[in-house]
Structures are given as structure tokens and as C-alpha cells.
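Q: Contents of my_file.csv (CSV, C-alpha atoms) are given next:
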```
chain,number,residue,atom,x,y,z
A,1,MET,CA,-13.4,10.3,-42.5
A,2,THR,CA,-10.2,11.6,-41.1
A,3,CYS,CA,-10.6,14.6,-39.0
A,4,THR,CA,-7.8,16.6,-37.3
A,5,ALA,CA,-9.0,18.6,-34.4
A,6,LYS,CA,-7.4,22.0,-34.2
A,7,LYS,CA,-9.3,23.9,-31.5
A,8,CYS,CA,-12.3,23.2,-29.3
A,9,GLY,CA,-14.1,25.8,-27.4
A,10,ILE,CA,-17.5,26.8,-26.0
A,11,ARG,CA,-20.0,29.5,-26.9
A,12,PHE,CA,-22.3,30.6,-24.1
A,13,ARG,CA,-25.3,32.1,-26.0
A,14,PRO,CA,-26.8,30.0,-27.4
A,15,PRO,CA,-24.7,27.3,-25.8
A,16,ALA,CA,-22.7,25.2,-28.1
A,17,ILE,CA,-19.4,23.4,-28.3
A,18,ILE,CA,-17.5,24.6,-31.3
A,19,LEU,CA,-14.8,22.5,-33.0
A,20,ILE,CA,-12.3,23.9,-35.5
A,21,TYR,CA,-10.9,21.0,-37.5
A,22,GLU,CA,-9.3,19.9,-40.8
A,23,ASN,CA,-10.6,17.0,-42.9
A,24,GLU,CA,-9.0,15.3,-45.9
A,25,MET,CA,-8.7,18.6,-47.7
A,26,LYS,CA,-5.5,19.8,-45.9
A,27,GLY,CA,-5.1,23.4,-45.3
A,28,LYS,CA,-8.8,24.2,-45.1
A,29,ASN,CA,-10.2,24.7,-41.6
A,30,ARG,CA,-13.8,23.9,-41.0
A,31,GLN,CA,-16.0,24.6,-38.1
A,32,ARG,CA,-18.5,22.4,-36.4
A,33,ILE,CA,-21.1,23.8,-34.1
A,34,MET,CA,-22.6,21.2,-31.6
A,35,PRO,CA,-25.5,22.8,-29.7
A,36,VAL,CA,-25.6,22.0,-26.0
A,37,ARG,CA,-29.2,21.1,-25.0
A,38,ASN,CA,-30.7,20.5,-21.6
A,39,PHE,CA,-27.8,21.9,-19.7
A,40,SER,CA,-28.3,24.0,-16.6
A,41,LYS,CA,-26.2,25.3,-13.7
A,42,PHE,CA,-27.1,22.1,-11.8
A,43,SER,CA,-25.9,19.8,-14.6
A,44,ASP,CA,-23.1,17.3,-14.2
A,45,CYS,CA,-20.2,18.4,-16.4
A,46,ASN,CA,-18.6,15.0,-16.6
A,47,ARG,CA,-21.8,13.4,-17.8
A,48,ALA,CA,-22.5,16.1,-20.3
A,49,ALA,CA,-19.0,15.7,-21.7
A,50,GLU,CA,-19.5,11.9,-22.0
A,51,GLN,CA,-22.8,12.3,-23.7
A,52,LEU,CA,-21.4,14.7,-26.3
A,53,LYS,CA,-18.4,12.5,-26.9
A,54,ASN,CA,-20.6,9.5,-27.5
A,55,ASN,CA,-23.2,11.3,-29.5
A,56,PRO,CA,-23.5,9.4,-32.8
A,57,ARG,CA,-23.5,12.6,-34.9
A,58,HIS,CA,-20.5,14.2,-33.3
A,59,LYS,CA,-18.5,11.2,-32.1
A,60,SER,CA,-16.1,10.9,-35.1
A,61,TYR,CA,-15.3,14.6,-34.9
A,62,LEU,CA,-14.5,14.5,-31.2
A,63,GLU,CA,-12.2,11.5,-31.2
A,64,GLN,CA,-9.1,13.7,-30.7
A,65,VAL,CA,-10.7,15.9,-28.1
A,66,SER,CA,-10.2,14.6,-24.6
A,67,LEU,CA,-13.1,14.0,-22.2
A,68,ARG,CA,-11.2,16.1,-19.7
A,69,GLN,CA,-11.2,19.1,-22.1
A,70,LEU,CA,-14.9,18.8,-22.9
A,71,GLU,CA,-15.6,18.6,-19.2
A,72,ARG,CA,-13.7,21.8,-18.6
A,73,LEU,CA,-15.6,23.5,-21.3
A,74,PHE,CA,-18.9,22.5,-19.7
A,75,SER,CA,-17.6,23.8,-16.4
A,76,PHE,CA,-17.1,27.2,-18.0
A,77,LEU,CA,-20.7,27.1,-19.2
A,78,ARG,CA,-21.9,26.1,-15.8
A,79,GLY,CA,-20.0,28.9,-14.2
A,80,TYR,CA,-21.5,31.3,-16.7
A,81,LEU,CA,-25.0,30.0,-16.0
A,82,SER,CA,-24.5,30.4,-12.3
A,83,GLY,CA,-23.5,34.0,-12.8
A,84,GLN,CA,-19.8,33.6,-11.9
A,85,SER,CA,-17.1,35.7,-13.6
A,86,LEU,CA,-14.6,33.9,-15.8
A,87,ALA,CA,-11.9,34.4,-13.2
A,88,GLU,CA,-14.0,32.8,-10.5
A,89,THR,CA,-14.8,29.8,-12.7
A,90,MET,CA,-11.2,29.4,-13.6
A,91,GLU,CA,-10.2,29.4,-9.9
A,92,GLN,CA,-12.9,26.9,-9.2
A,93,ILE,CA,-11.7,24.6,-12.0
A,94,ARG,CA,-8.1,24.9,-10.8
A,95,ARG,CA,-9.2,23.9,-7.3
A,96,GLU,CA,-11.2,20.9,-8.6
A,97,THR,CA,-8.4,19.6,-10.9
A,98,THR,CA,-5.3,20.0,-8.7
A,99,ILE,CA,-4.3,18.5,-5.5
A,100,ASP,CA,-3.7,20.7,-2.5
A,101,PRO,CA,-0.5,19.1,-1.1
A,102,GLU,CA,-1.4,20.3,2.4
A,103,GLU,CA,-4.8,18.7,2.5
A,104,ASP,CA,-5.2,15.7,4.8
A,105,LEU,CA,-7.0,13.2,2.6
A,106,ASN,CA,-7.6,10.9,5.6
A,107,LYS,CA,-10.4,13.2,6.7
A,108,LEU,CA,-12.4,13.0,3.5
A,109,ASP,CA,-15.4,10.9,2.8
A,110,ASP,CA,-15.3,8.3,0.0
A,111,LYS,CA,-16.8,10.6,-2.7
A,112,GLU,CA,-14.3,13.4,-2.1
A,113,LEU,CA,-11.4,11.0,-1.8
A,114,ALA,CA,-12.4,9.4,-5.1
A,115,LYS,CA,-12.3,12.8,-6.8
A,116,ARG,CA,-8.8,13.5,-5.5
A,117,LYS,CA,-7.7,10.0,-6.6
A,118,SER,CA,-9.0,10.5,-10.1
A,119,ILE,CA,-7.0,13.7,-10.4
A,120,MET,CA,-3.9,11.8,-9.2
A,121,ASP,CA,-4.7,8.9,-11.5
A,122,GLU,CA,-4.2,11.2,-14.5
A,123,LEU,CA,-0.5,11.5,-13.8
A,124,PHE,CA,-0.3,7.9,-12.8
A,125,GLU,CA,-1.7,6.7,-16.1
A,126,LYS,CA,0.5,9.1,-18.0
A,127,ASN,CA,3.7,7.7,-16.4
A,128,GLN,CA,2.5,4.1,-16.2
A,129,LYS,CA,4.5,1.4,-17.8
A,130,LYS,CA,2.0,-1.3,-18.6
A,131,LYS,CA,2.5,-5.0,-18.9
A,132,ASP,CA,1.8,-5.0,-22.6
A,133,ASP,CA,4.2,-2.2,-23.4
A,134,PRO,CA,6.9,-3.6,-25.6
A,135,ASN,CA,9.7,-2.4,-23.3
A,136,PHE,CA,8.0,-3.4,-20.1
A,137,VAL,CA,10.4,-4.8,-17.4
A,138,TYR,CA,8.8,-6.4,-14.3
A,139,ASP,CA,11.7,-6.0,-11.9
A,140,ILE,CA,13.3,-2.6,-12.2
A,141,GLU,CA,15.9,-1.8,-9.5
A,142,VAL,CA,17.5,1.6,-9.3
A,143,GLU,CA,19.8,2.6,-6.5
A,144,PHE,CA,19.4,6.0,-4.9
A,145,PRO,CA,22.2,6.3,-2.4
A,146,GLN,CA,21.2,8.0,0.9
A,147,ASP,CA,24.4,9.5,2.2
A,148,GLU,CA,25.2,12.6,4.3
A,149,GLN,CA,25.8,14.8,1.2
A,150,LEU,CA,22.2,15.0,0.3
A,151,GLN,CA,20.1,18.1,0.5
A,152,SER,CA,17.3,17.9,3.0
A,153,CYS,CA,13.8,17.3,1.7
A,154,GLY,CA,12.7,20.5,3.4
A,155,TRP,CA,9.9,18.7,5.2
A,156,ASP,CA,11.9,18.0,8.3
A,157,THR,CA,11.8,20.5,11.1
A,158,GLU,CA,15.0,21.9,12.6
A,159,SER,CA,14.6,20.6,16.1
A,160,ALA,CA,16.3,17.3,16.8
A,161,ASP,CA,13.3,15.8,18.5
A,162,GLU,CA,11.1,16.0,15.5
A,163,PHE,CA,11.8,14.6,12.1
B,164,MET,CA,-8.0,-11.5,21.3
B,165,ALA,CA,-11.0,-9.4,21.8
B,166,GLU,CA,-11.1,-8.0,18.3
B,167,ASP,CA,-11.1,-11.5,16.8
B,168,ARG,CA,-14.0,-12.6,19.0
B,169,ALA,CA,-16.0,-9.5,18.0
B,170,ARG,CA,-16.5,-10.9,14.5
B,171,PRO,CA,-16.0,-14.6,14.5
B,172,GLY,CA,-15.0,-16.1,11.2
B,173,GLU,CA,-14.3,-12.9,9.3
B,174,LEU,CA,-10.8,-12.5,10.3
B,175,ASP,CA,-9.2,-15.8,11.2
B,176,GLN,CA,-5.6,-15.0,12.1
B,177,THR,CA,-4.6,-18.4,13.6
B,178,LYS,CA,-3.1,-19.4,10.3
B,179,TYR,CA,-0.3,-16.9,10.8
B,180,ASP,CA,1.1,-19.1,13.5
B,181,ALA,CA,2.0,-21.8,10.9
B,182,ASP,CA,5.6,-21.8,9.8
B,183,ASP,CA,5.0,-21.3,6.1
B,184,SER,CA,2.7,-18.3,6.5
B,185,VAL,CA,3.5,-14.6,7.1
B,186,LYS,CA,1.4,-11.5,7.4
B,187,ILE,CA,2.7,-8.1,6.0
B,188,ILE,CA,0.8,-5.0,6.7
B,189,CYS,CA,0.7,-1.8,4.6
B,190,LEU,CA,0.4,1.5,6.4
B,191,GLY,CA,0.1,5.1,5.2
B,192,ASP,CA,-2.4,7.9,4.4
B,193,SER,CA,-5.2,7.7,1.9
B,194,ALA,CA,-4.1,7.9,-1.7
B,195,VAL,CA,-0.4,7.4,-1.2
B,196,GLY,CA,-0.6,4.5,-3.6
B,197,LYS,CA,-0.6,1.4,-1.3
B,198,SER,CA,-3.0,-0.5,-3.4
B,199,LYS,CA,-1.3,0.5,-6.6
B,200,LEU,CA,2.0,-0.8,-5.3
B,201,MET,CA,0.4,-4.1,-4.4
B,202,GLU,CA,-1.1,-4.4,-7.8
B,203,ARG,CA,2.2,-3.5,-9.5
B,204,PHE,CA,4.0,-6.2,-7.6
B,205,LEU,CA,1.4,-8.9,-8.0
B,206,MET,CA,0.4,-7.9,-11.6
B,207,ASP,CA,-2.3,-10.3,-12.9
B,208,GLY,CA,-1.6,-12.7,-10.1
B,209,PHE,CA,-3.5,-10.9,-7.5
B,210,ARG,CA,-6.9,-12.0,-6.2
B,211,PRO,CA,-7.8,-9.4,-3.6
B,212,GLN,CA,-10.5,-10.1,-1.0
B,213,GLN,CA,-12.4,-7.1,0.1
B,214,LEU,CA,-13.7,-6.8,3.7
B,215,SER,CA,-15.7,-3.7,3.3
B,216,THR,CA,-16.6,-3.4,7.0
B,217,TYR,CA,-13.0,-2.9,7.7
B,218,ALA,CA,-12.1,-1.1,4.5
B,219,LEU,CA,-9.6,-3.9,4.3
B,220,THR,CA,-8.1,-5.6,1.3
B,221,LEU,CA,-6.2,-8.9,1.5
B,222,TYR,CA,-3.8,-9.9,-1.2
B,223,LYS,CA,-2.5,-13.4,-1.2
B,224,HIS,CA,0.8,-14.3,-2.7
B,225,MET,CA,3.1,-17.3,-2.9
B,226,ALA,CA,6.8,-16.6,-2.6
B,227,THR,CA,9.9,-18.7,-2.4
B,228,VAL,CA,12.5,-17.8,0.2
B,229,ASP,CA,15.7,-19.8,0.5
B,230,GLY,CA,14.0,-22.6,-1.5
B,231,LYS,CA,11.0,-22.8,0.7
B,232,THR,CA,7.5,-21.8,-0.2
B,233,VAL,CA,6.0,-19.1,1.8
B,234,LEU,CA,2.3,-18.0,1.8
B,235,VAL,CA,2.2,-14.3,2.2
B,236,ASP,CA,-0.9,-12.3,3.1
B,237,PHE,CA,-0.6,-8.6,2.4
B,238,TRP,CA,-3.1,-6.5,4.5
B,239,ASP,CA,-4.0,-3.2,2.9
B,240,THR,CA,-6.3,-0.8,4.6
B,241,ALA,CA,-7.8,2.6,3.9
B,242,GLY,CA,-6.0,5.4,5.6
B,243,GLN,CA,-9.3,7.2,6.4
B,244,GLU,CA,-9.8,8.1,10.0
B,245,ARG,CA,-13.2,6.5,10.4
B,246,PHE,CA,-11.6,3.1,10.0
B,247,GLN,CA,-9.2,3.5,12.8
B,248,SER,CA,-11.2,1.3,15.2
B,249,MET,CA,-10.0,-1.8,13.3
B,250,HIS,CA,-6.4,-1.1,13.9
B,251,ALA,CA,-5.8,-3.6,16.7
B,252,SER,CA,-6.7,-6.6,14.6
B,253,TYR,CA,-4.9,-5.1,11.7
B,254,TYR,CA,-1.6,-5.2,13.6
B,255,HIS,CA,-2.2,-8.5,15.3
B,256,LYS,CA,0.4,-11.1,14.3
B,257,ALA,CA,1.9,-9.0,11.6
B,258,HIS,CA,5.5,-10.0,10.7
B,259,ALA,CA,6.6,-6.9,8.7
B,260,CYS,CA,5.3,-3.5,7.8
B,261,ILE,CA,5.5,-1.4,4.7
B,262,MET,CA,4.9,2.2,5.5
B,263,VAL,CA,4.2,4.5,2.5
B,264,PHE,CA,4.1,8.2,1.9
B,265,ASP,CA,3.6,10.3,-1.2
B,266,VAL,CA,6.6,12.4,-2.2
B,267,GLN,CA,4.3,15.0,-3.6
B,268,ARG,CA,2.4,15.6,-0.4
B,269,LYS,CA,4.2,16.7,2.7
B,270,VAL,CA,1.2,15.9,5.0
B,271,THR,CA,1.6,12.1,4.2
B,272,TYR,CA,5.2,12.3,5.3
B,273,LYS,CA,4.4,14.2,8.5
B,274,ASN,CA,1.7,11.6,9.3
B,275,LEU,CA,4.3,8.8,9.2
B,276,HIS,CA,5.0,9.7,12.8
B,277,THR,CA,1.4,8.8,13.8
B,278,TRP,CA,1.4,5.6,11.8
B,279,TYR,CA,4.8,4.6,13.3
B,280,THR,CA,3.8,5.4,16.8
B,281,GLU,CA,0.7,3.2,16.5
B,282,LEU,CA,2.7,0.4,14.8
B,283,ARG,CA,5.2,0.3,17.7
B,284,GLU,CA,2.4,0.3,20.2
B,285,PHE,CA,1.1,-3.0,18.9
B,286,ARG,CA,4.2,-4.5,17.3
B,287,PRO,CA,7.3,-3.1,19.0
B,288,GLU,CA,9.9,-5.2,17.1
B,289,ILE,CA,8.7,-6.1,13.6
B,290,PRO,CA,10.8,-4.9,10.6
B,291,CYS,CA,9.4,-1.8,8.9
B,292,ILE,CA,10.3,-0.3,5.6
B,293,VAL,CA,9.6,3.3,4.7
B,294,VAL,CA,8.5,3.8,1.2
B,295,ALA,CA,8.7,7.1,-0.8
B,296,ASN,CA,6.2,6.5,-3.6
B,297,LYS,CA,5.4,8.4,-6.8
B,298,ILE,CA,9.1,9.3,-7.6
B,299,ASP,CA,8.0,9.3,-11.3
B,300,ALA,CA,6.2,12.6,-10.6
B,301,ASP,CA,9.4,14.2,-9.3
B,302,ILE,CA,12.6,12.3,-9.7
B,303,LYS,CA,14.6,15.0,-7.9
B,304,VAL,CA,13.3,13.8,-4.5
B,305,THR,CA,15.6,10.8,-4.8
B,306,GLN,CA,18.5,13.1,-4.2
B,307,LYS,CA,17.1,14.4,-1.0
B,308,SER,CA,17.4,13.1,2.6
B,309,PHE,CA,14.4,12.2,4.6
B,310,ASN,CA,15.2,12.3,8.3
B,311,PHE,CA,12.2,10.2,9.5
B,312,ALA,CA,13.8,7.0,8.2
B,313,ARG,CA,17.2,7.9,9.5
B,314,LYS,CA,15.9,8.9,12.9
B,315,PHE,CA,14.3,5.5,13.5
B,316,SER,CA,17.0,3.6,11.5
B,317,LEU,CA,14.5,2.3,9.0
B,318,PRO,CA,15.4,1.4,5.4
B,319,LEU,CA,14.0,3.9,2.9
B,320,TYR,CA,13.0,2.9,-0.6
B,321,PHE,CA,12.3,5.2,-3.4
B,322,VAL,CA,9.7,3.6,-5.6
B,323,SER,CA,7.1,4.3,-8.3
B,324,ALA,CA,4.0,2.2,-8.7
B,325,ALA,CA,3.5,3.8,-12.1
B,326,ASP,CA,6.8,3.0,-13.8
B,327,GLY,CA,7.7,0.1,-11.5
B,328,THR,CA,11.0,1.4,-10.1
B,329,ASN,CA,12.0,-0.7,-7.1
B,330,VAL,CA,8.5,-2.1,-6.5
B,331,VAL,CA,9.5,-5.8,-6.9
B,332,LYS,CA,12.6,-5.3,-4.8
B,333,LEU,CA,10.6,-3.6,-2.0
B,334,PHE,CA,8.1,-6.5,-1.7
B,335,ASN,CA,10.7,-9.2,-2.0
B,336,ASP,CA,12.8,-7.6,0.7
B,337,ALA,CA,9.7,-7.2,2.9
B,338,ILE,CA,8.9,-10.8,2.5
B,339,ARG,CA,12.4,-11.8,3.4
B,340,LEU,CA,12.4,-9.6,6.5
B,341,ALA,CA,9.0,-11.0,7.5
B,342,VAL,CA,10.2,-14.6,7.3
B,343,SER,CA,13.4,-13.9,9.1
B,344,TYR,CA,11.6,-12.0,11.8
B,345,LYS,CA,9.3,-15.0,12.2
B,346,GLN,CA,12.1,-17.4,12.5
B,347,ASN,CA,14.1,-15.3,15.0
B,348,SER,CA,11.3,-13.6,16.8
B,349,GLN,CA,12.1,-12.5,20.3
B,350,ASP,CA,9.1,-10.3,20.5
B,351,PHE,CA,7.8,-10.4,24.0
B,352,MET,CA,4.3,-9.9,22.9
B,353,ASP,CA,4.5,-12.9,20.6
B,354,GLU,CA,5.6,-15.1,23.4
B,355,VAL,CA,2.8,-13.8,25.6
B,356,LEU,CA,0.3,-14.5,22.9
B,357,GLN,CA,1.7,-17.9,22.3
B,358,GLU,CA,1.4,-18.7,26.0
B,359,LEU,CA,-2.2,-17.5,26.1
B,360,GLU,CA,-3.1,-19.6,23.1
B,361,ASN,CA,-1.5,-22.7,24.7
B,362,PHE,CA,-3.4,-22.0,27.8
B,363,ASP,CA,-6.6,-21.7,25.8
B,364,LEU,CA,-6.0,-25.0,24.0
B,365,GLU,CA,-5.4,-26.7,27.3
B,366,GLN,CA,-8.7,-25.4,28.6
B,367,LYS,CA,-10.4,-26.6,25.6
B,368,ALA,CA,-8.9,-30.1,25.9
B,369,ALA,CA,-10.2,-30.1,29.5
B,370,GLY,CA,-13.7,-29.8,28.3
B,371,ASP,CA,-14.4,-26.1,28.3
B,372,PRO,CA,-16.8,-25.5,25.5
B,373,ALA,CA,-15.6,-21.9,24.6
B,374,PRO,CA,-18.2,-21.4,22.0
B,375,ASP,CA,-16.9,-18.3,20.3
B,376,ARG,CA,-13.5,-20.0,19.6
B,377,GLU,CA,-15.1,-22.9,18.0
B,378,GLN,CA,-17.2,-20.8,15.8
B,379,ARG,CA,-14.1,-18.8,14.8
B,380,GLY,CA,-12.2,-22.0,13.8
B,381,ALA,CA,-15.1,-23.3,11.7
B,382,VAL,CA,-14.8,-20.6,9.0
B,383,GLU,CA,-11.7,-20.7,6.9
B,384,GLY,CA,-10.5,-17.3,5.9
B,385,PRO,CA,-12.5,-14.1,5.3
B,386,ALA,CA,-15.6,-14.2,3.2
B,387,PRO,CA,-15.6,-11.9,0.2
B,388,SER,CA,-18.3,-9.3,0.6
```
Please lay out the structure from this file as C-alpha cells.
A:
Amino acid sequence: MTCTAKKCGIRFRPPAIILIYENEMKGKNRQRIMPVRNFSKFSDCNRAAEQLKNNPRHKSYLEQVSLRQLERLFSFLRGYLSGQSLAETMEQIRRETTIDPEEDLNKLDDKELAKRKSIMDELFEKNQKKKDDPNFVYDIEVEFPQDEQLQSCGWDTESADEF
Amino acid sequence: MAEDRARPGELDQTKYDADDSVKIICLGDSAVGKSKLMERFLMDGFRPQQLSTYALTLYKHMATVDGKTVLVDFWDTAGQERFQSMHASYYHKAHACIMVFDVQRKVTYKNLHTWYTELREFRPEIPCIVVANKIDADIKVTQKSFNFARKFSLPLYFVSAADGTNVVKLFNDAIRLAVSYKQNSQDFMDEVLQELENFDLEQKAAGDPAPDREQRGAVEGPAPS
């Protein structure tokens, strides 16, 4: 079956992931309601997303929906179940999915550090040129001249003693 | 050295005295991409050895410099503060240093100062390359100046472990610098260490049992954990 995902969202009551998609019959949108069971405000959103994505009944429909998006939808549900406002949940998601450039990651424990790394890995994987890519080049040299004309990076302090 | 004796066998660093062997260390904060750079350079050829007690990963590499084969050990460590107690053995006998920051995170650039101060405490003279990683995330940084490198007259490389820009050049240059440092080393500390080791050997020849030393020599290389 070919299924083109159009939109994917979450319904809070009763909880369900809802997918709007198009199948072979072009131009006709269909809706699939996938009930969310056994999910509480203490549940792990990542695991819930994985379970749904691998569910034999829904799997083929969710191929084009990323794990990340499903995880986000479950985060909304979890926020709702814990009594947070939508704005609070969105702020929480933003905090959990972006890197604070000022944060000193040397001070984190392994688990927290792994979280930050997985956020950074997203961009890494997006920009990564892999060995089996057809236009892969092992040794890429690009010159970036460092002369006096350059604008400062803005991270150096004014005083001459510090950098 | 005291730190060697503390864990006999695990970190045998005597091999770095051999002519064909160099040690290159990687410094920098957590998550600046040190391991990813290593992996991009070594591709499939890497066989890292993990020493979890030290949060240390050793990458072995064979290079050719001026027609000669050189065995290179890259030492890659976690930037996390709780591992700072291993730093002395980490710097011990290093011939070059690759010091990395993340162009997207100012704090990793600011911390270069701490890393560099510590490096110079243990290794006052070894060549050091400053690496601005993750330029794929923001290519505009390559048109900016970073005073840290300029202030200490260190070479600055703009690289990306993701798309590969300048990674191979960085490591090949670091290896060349390490080899040339080793050949022309005038590091006072190196000479002192060499003297101490000769002294040790003489003592041993004279019949001193020195049990901890013998034990250390018996185990070749670090055991994977």
C-alpha cells in the first residue's frame, strides 16, 4: 500500500494519534485514528513513540512520520496529563530539544550529556557525508584565510590580557 | 611516574619512547566532537580501546611520514570534570595536542584557556593545533577571527566532522608535527624524564627488584574493558 502522510497530530480525550493521509486514490484524504493506550504523565515519550511506530497495525501508515515528531506529540499529551498549559509544554519541549549555548556540558552526568549529544547528533546526521554516498571525498581541504581584515567572532573580550 | 604506578599494566607508556611511535592527545569540552573527528579521520580503520575507568579512548593508527612508518596513538578523553584526576597520565609523553572547540557554543571556546593552561603545565613545548569544529552548522564563522589562537601563536583549523572539511589535513599535520617534535625535542621535562628512566634501569641492573615496574612491563598495552 502506498500511503502519503499529510498531517499528524494528537487528540487528548480520548488520547489518540491522528494521521491524515492519502492512499492510491489521489486527491482523497483519509483519516486514521490510532488510540493511545496505557500512557500516563509518567510515561516515556520516546518509548511510546517507538512502540507506535513499530505497531504492526499502524507501521505502514507511519513510515513517513518521524520518530521525533511522534515523540513530540506524546510530549504534548504528557504535558496535558500533568496539568500543564500548552504554552508551558511547548516551552518544556523547546528546552529539551535545543542546546543552550551557554551551558557548560562538562558539568553534566552521563545521562544528561547523552541527551544533549543526541540533540546535536540530529544536525550532524543531517549534514553528514557518509562513506557510501556517491560523491564522498575522504580528504577535503578548504582554505579559510585568517588575516587582519576579518570580523571578530564576538567571543573575545576587549581587554588585551584575555582572549 | 606516580600515575603509572597507581595502575600497573593498564597504561603502559614506555612504548612512546620508541622512535617509530608517537602519542597525540585530544583536548576540549564534552560534546565538541573529538570522537567524531577521530572517527571521520580513521573511517573504518579504527579500533578504539576503551578504558572506562579513565573515560579514555585510544585510537591506533599507522601513518607514513617521509617514507617511514609511524605508529600513532590518539588519546581521546571525556571533557567531564569528574575525570580530571587522570589528566597527569593523559599528558605524559604526549608529542602533540589537538585542542577542539564547538563553533556553536561560546563556552567551549572560553574553556580553551583552561585546557591550554593545563596542557602547558605538563607539556610546555609540544605543538598544539586549535580546532574550530562544526563549521557545517554555520559556515560564516570561517570568516571571523578567533583571538585565542592568535594570542598564543597557534595554528587554527576550521573543520567539520560531519562533512569532512579539513579533517584529514588536520590529523596528517598533527602527526607530522608530533614526529618532528619528537625528533627535535628540546623539552626540558623530556630530558629529565629520560634521565630518571636511565637511572631506574641502572638500579634494576644492579639488582633492585622494583616490583611495581616489573609488573608494569609484563602487560603489553591497555586491556579493553
Q: Around (-11.1, 23.0, -33.6), as given in the file, which residues come within 6 Å? Count all atoms listed in the file and list them as an MDAnalysis selection string.
A: chainID A and resid 5:8 19:21
Q: Save out the residues we just selected, C-alpha atoms, as a compact mmCIF listing (two decimals), in the coordinates of the input.
A:
```txt
# COMPACT_ATOMS: atom_id res chain seq x y z
CA ALA A 5 -9.00 18.60 -34.40
CA LYS A 6 -7.40 22.00 -34.20
CA LYS A 7 -9.30 23.90 -31.50
CA CYS A 8 -12.30 23.20 -29.30
CA LEU A 19 -14.80 22.50 -33.00
CA ILE A 20 -12.30 23.90 -35.50
CA TYR A 21 -10.90 21.00 -37.50
```
Q: Find the spatial neighbours of segment 90-102 of chain A, counting only C-alpha atoms, within a cut-off of 7 Å - ignore same-chain residues fewer than 3 positions away - and output them as a ChimeraX atom specification.
A: /A:86-87,116,119 /B:267-270
Q: Grab the atom CA of Asp180 of chain B to atom CA of Gln212 of chain B distance for me, in Å with one decimal place.
A: 20.6 Å
Q: Would you kindly report the residues of chain B within 8 Å of chain A, using all atoms listed in the file, as an MDAnalysis selection string?
A: chainID B and resid 192:194 242:244 267:273 299:300 304:311 314 321 324:332
Q: Have a look at A:Asp132, A:Gln51, A:Asn46, A:Cys3 and name the one nearest to Met34 of chain A; count all atoms listed in the file.
A: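 Smallest distance to Met34 of chain A is found for A:Gln51.
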Q: Of the candidates B:Ala226, B:Leu340, B:Met206, B:Leu221, which one gets nearest to Ile261 of chain B if we count all atoms listed in the file?
A: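 For Ile261 of chain B, the nearest of the candidates is B:Leu340.
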Q: Just the number, please: distance in Å from atom CA of Ile33 of chain A to atom CA of Gln84 of chain A, one decimal.
A: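 Computing it gives 24.3 Å between the two atoms.
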Q: List the spatial neighbours of Ala259 of chain B as a list in words - criterion: any atom at most 9 Å away, all atoms listed in the file, same-chain residues fewer than 5 positions off excluded.
A: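 Final neighbour list, sorted by chain and number: Val185, Lys186, Ile187, Ile188, Cys189, Ile289, Pro290, Cys291, Ile292, Ala337, Ile338, Leu340, Ala341, Val342 and Tyr344 of chain B.
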Q: Enter the distance from atom CA of Ile18 of chain A to atom CA of Gly83 of chain A, in Å, rounded to one decimal.
A: 21.6 Å
Q: With distances taken over all atoms listed in the file, which residue among B:Phe264, B:Thr177, B:Ser343, B:Phe334 lies nearest His224 of chain B?
A: B:Phe334
Q: So which one's closest to Cys45 of chain A, A:Gly27, A:Pro14, A:Gly79, A:Pro134? Using only C-alpha atoms, please.
A: A:Gly79
